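**Student:** If you scroll down you'll find the structure; I have some questions about it.
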Amino acid sequence: MSDPFVTLSTGNFLDELGINTHIPYTDGEYGSISLVLSDLNYLGINEIRDGISNGASGSAPLSHYITLAQAGEKFTFLIGNGVTSNADIESVLGEIIQVEQAVPGSVIAIEGPNEINNQPVTFNGIGGLQGALSLQSALYADVKANAALHGVAVDYFTGYNAGTVAVGPSFSTLSGLADYDTQHPYPNNNEAPAYWVNRSIALSNTTSTSTPAVYTETGYSTNNVSPYVQEVYTLDLLMDTAQQGIAHTYLYDLLDAYAPGSPQGNDGYGLFSSTGAAKPVAVGIHNLTTILRETVAGGAAQPAGGVGYTVQGLPATGNSMELIKPDGADVIVLWAEPQLWNNTTNQQMAAPATQVTLSLDAYYGTLSVFDPLSGTLAVNAFTDAQTVTLALTDHPILLEVSGGDPPPGQYALCFAAGTAIRTPEGECPVEALMPGALIMTPAGPCPIEWVGRRSYEGEQIAGNPLILPVCIRRGALADNIPCRDLWISPGHGIWIDHVLIPAWRLTNGVSIIQAEEVARVDYIHLELPRHALLFAEDCLAESYFDNGSRHIFDNAARYRPRGGASGPALPRLEDGFHLQHIQRRLEVRAGKIAAPQGLGLRGYVDIPGPDIVAGWARNENEPDVPVCVDVLLDGAYLATVLANRYRADLRAAGLGRGTHGFELRLPRPGLVEVRRATDQATLPFAAAALGAAA
């Protein structure tokens, strides 16, 4: 594997992502530019590689390309293998220039002949490798001489060193050929991608590791592997190529344009199926780009150039890379690539799980764990932590590091003295509880393992929002919950909607407030055998979880571990749609804002699982405004998605432009509910096909 300490910005990483399309073909799904654009928007990809057409023989008109360019898409245009003369080059460049002039900056590159091993080239009467080199040289000269294409890069041809075609020269040693080396590193035999996209294997015409390069085709087909393998290996591949310093990676291809068994064929490489449904790989890419585009609320103070880290326990196929968001937050990506497909049995193999320990160079305020196979929200989070242990299988796991480095002892997660904790015998002040005593949890009585204590004088913490206590007033969360005012530290997790939310994220100035000053505060925390919930003033709050912060307690030196695993941390929520909905709900309860006025909701859940949930939703009073819907699984919030996906059946049913669909991959089977995010109005299940439902 390569140097694990590759660091680049999330902006650069996202700009490297591209996709192959077939816009010229109008007899299949590519004939709908609105569908193509909807799919690209869902993926979060705005770079396309394609040939160009101008309506000849029923192909797409230039207006299709201009429409995509006006929507923000950028093109790498491929010079077709039908180009046999300088006049042909000038003709194709003339069409490309029309797109560039219609939307300046929409053409970023022009690529030489495609796979000359499969599609032999003859240029000005010269065939074979020399013909391709002659065409490439003429293309380069014409592009660079044309003022209308100023700044447009030229990519090398592909197919050298394949079949009977020789390697040929490197453009870096033979000037006047290209700005970027190019190749199509499809992994052979359904193998993991790392070996095949390595520069030394794919770019056989050069030994330099710094030669500017792009991969203009690569990917996996669901005709050859399972949809799951296509998903995880594609995500791995994108990390591999970024780490290799590949400037752009174009996946092949956007969608399966034709149904299986059709005369045109269906090669299975599409990220979307011939029915328009997102394959798991499309969902995974959507989740990945969404995670990397979202920023940390309020920004983050981070060391320039990224945080330092080490990884222990990384498997032989494991790797890591660091990305830096515009707000300063760092994202450390860990991934592994075990062999997942048995070509003999044509079956998927189970991926081994490896526990890896990631250690940072200091304590950081918030460490959020994201899994693009699970969704766009954090699947776990840690506060005031320096070391975390993660389970690594076969796809990227992302750890977002934000919040800077809190000074030691200034990130307390505790109950204030006087808080009543429920025990089997009744309520007891938290400061009176001792190790060995039983307290009540939702699962029943549980013994206290350790009691952490920390006290602060008012002048010590004056103006410090990390320590000044938060008060959740009686009834702020629900009727008589808490039953009395609950005073806790700002980072202490409160259990709402099946997740822990730090108290300071709930403050609203009315029913939940943070003290501006105190004379003194005594904080106490209770550790149980596992991270669990307990009843504090009848409100569910978290027990202590040791994520490396035990040192903040005054009596930490007297702690004696009892042995045994403490179990996983309960899920924590610190940002995103779900948190926003909870905050608004509590503000409505407090009377701070008025309850939202519900608009007429129309729609259905068409597919309630077990693998995906899909359907459509539309506000009758504002049909052009996309509806945000919350998806719940077995009563627990899972994700918020925007119902703006194009569906041809909706349009055919007369529902506007048809852009009201939604789809989400489920992590497991279960009972699905879909609710409108603004007012929690429930979307019903379809009792029949859409035509009858509409």
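So you can find residues: chains in the structure tokens are A, B, ... in the order shown, residues in each start at 1, and ligands are numbered from 1 in order.
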Residues at most 9 Å from range 625-641 of chain A, counting only C-alpha atoms, excluding those fewer than 5 positions away in the same chain, as a ChimeraX atom specification?
**Tutor:** /A:374-377,497-499,576-578,613,617-619,659-660,662-664,666,668-678,680,683
**Student:** Can you list, as a ChimeraX atom specification, every protein, DNA or RNA residue that comes within 12 Å of Leu255 in chain A when you count only C-alpha atoms, leaving out same-chain residues fewer than 4 positions away?
**Tutor:** /A:19-23,28-32,35-40,43,221-222,251,259,266-279,281-282
**Student:** What gap, in Å, lies between CA of Val165 in chain A and CA of Pro113 in chain A?
**Tutor:**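 Separation of CA of Val165 in chain A and CA of Pro113 in chain A: 13.6 Å.
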**Student:** Hey, which of A:Tyr250, A:Ser134, A:Ala362, A:Thr7 ends up closest to Arg49 in chain A? Count only C-alpha atoms.
**Tutor:**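 Smallest distance to Arg49 in chain A is found for A:Tyr250.
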**Student:** Write out as a ChimeraX atom specification which residues come within 9 Å of Glu90 in chain A when counting only C-alpha atoms, dropping same-chain ones fewer than 5 positions away.
**Tutor:** /A:85,95,139,142
**Student:** Identify, with DSSP run on backbone atoms, the residues in range 319-472 of chain A assigned to strand (DSSP E or B), and express the list as a ChimeraX atom specification.
**Tutor:** /A:319-324,330-336,341-342,347-348,354-370,380-392,397-402,415-416,420-423,426-429,438-441,444-447,450-457,470-472
**Student:** Would you mind listing what lies within 12 Å of Arg199 in chain A as number ranges by chain, with only C-alpha atoms counted and same-chain residues fewer than 2 positions away left out?
**Tutor:** A: 1-2, 181-185, 193-197, 201-215, 240-246
**Student:** In range 419-572 of chain A, what's helix (DSSP H, G or I) per DSSP? Answer as a list in words?
**Tutor:** Val430, Glu431, Ala432, Gly458, Glu459, Gln460, Ala503, Trp504, Arg505, Leu506, Arg550, His551, Ile552, Ala556, Ala557 and Arg558 of chain A
**Student:** Figure out the distance between CA of Ile496 in chain A and CA of Lys592 in chain A, please, to one decimal in Å.
**Tutor:** 19.5 Å
**Student:** Do a neighbour search on Thr310 in chain A at 7 Å with only C-alpha atoms, toss out local chain neighbours closer than 4 positions, and write the hits as an mmCIF file with C-alpha atoms, in the first residue's frame.
**Tutor:**
data_model
loop_
_atom_site.group_PDB
_atom_site.id
_atom_site.type_symbol
_atom_site.label_atom_id
_atom_site.label_comp_id
_atom_site.auth_asym_id
_atom_site.auth_seq_id
_atom_site.Cartn_x
_atom_site.Cartn_y
_atom_site.Cartn_z
ATOM 1 C CA LEU A 358 -6.673 5.130 15.729
ATOM 2 C CA SER A 359 -4.644 7.447 17.964
ATOM 3 C CA LEU A 360 -4.603 11.206 17.378
#
**Student:** Show which residues sit within 6 Å of Arg474 in chain A, as a list in words. Count only C-alpha atoms, and ignore same-chain residues fewer than 5 positions away.
**Tutor:**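 Within the cut-off, the hits are Pro482, Cys483, Arg484 and Asp485 of chain A.
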**Student:** May I ask which of the residues A:Leu254, A:Ala652, A:Ala416, A:Cys446 is the closest one to Leu468 in chain A, counting only C-alpha atoms?
**Tutor:** A:Ala416
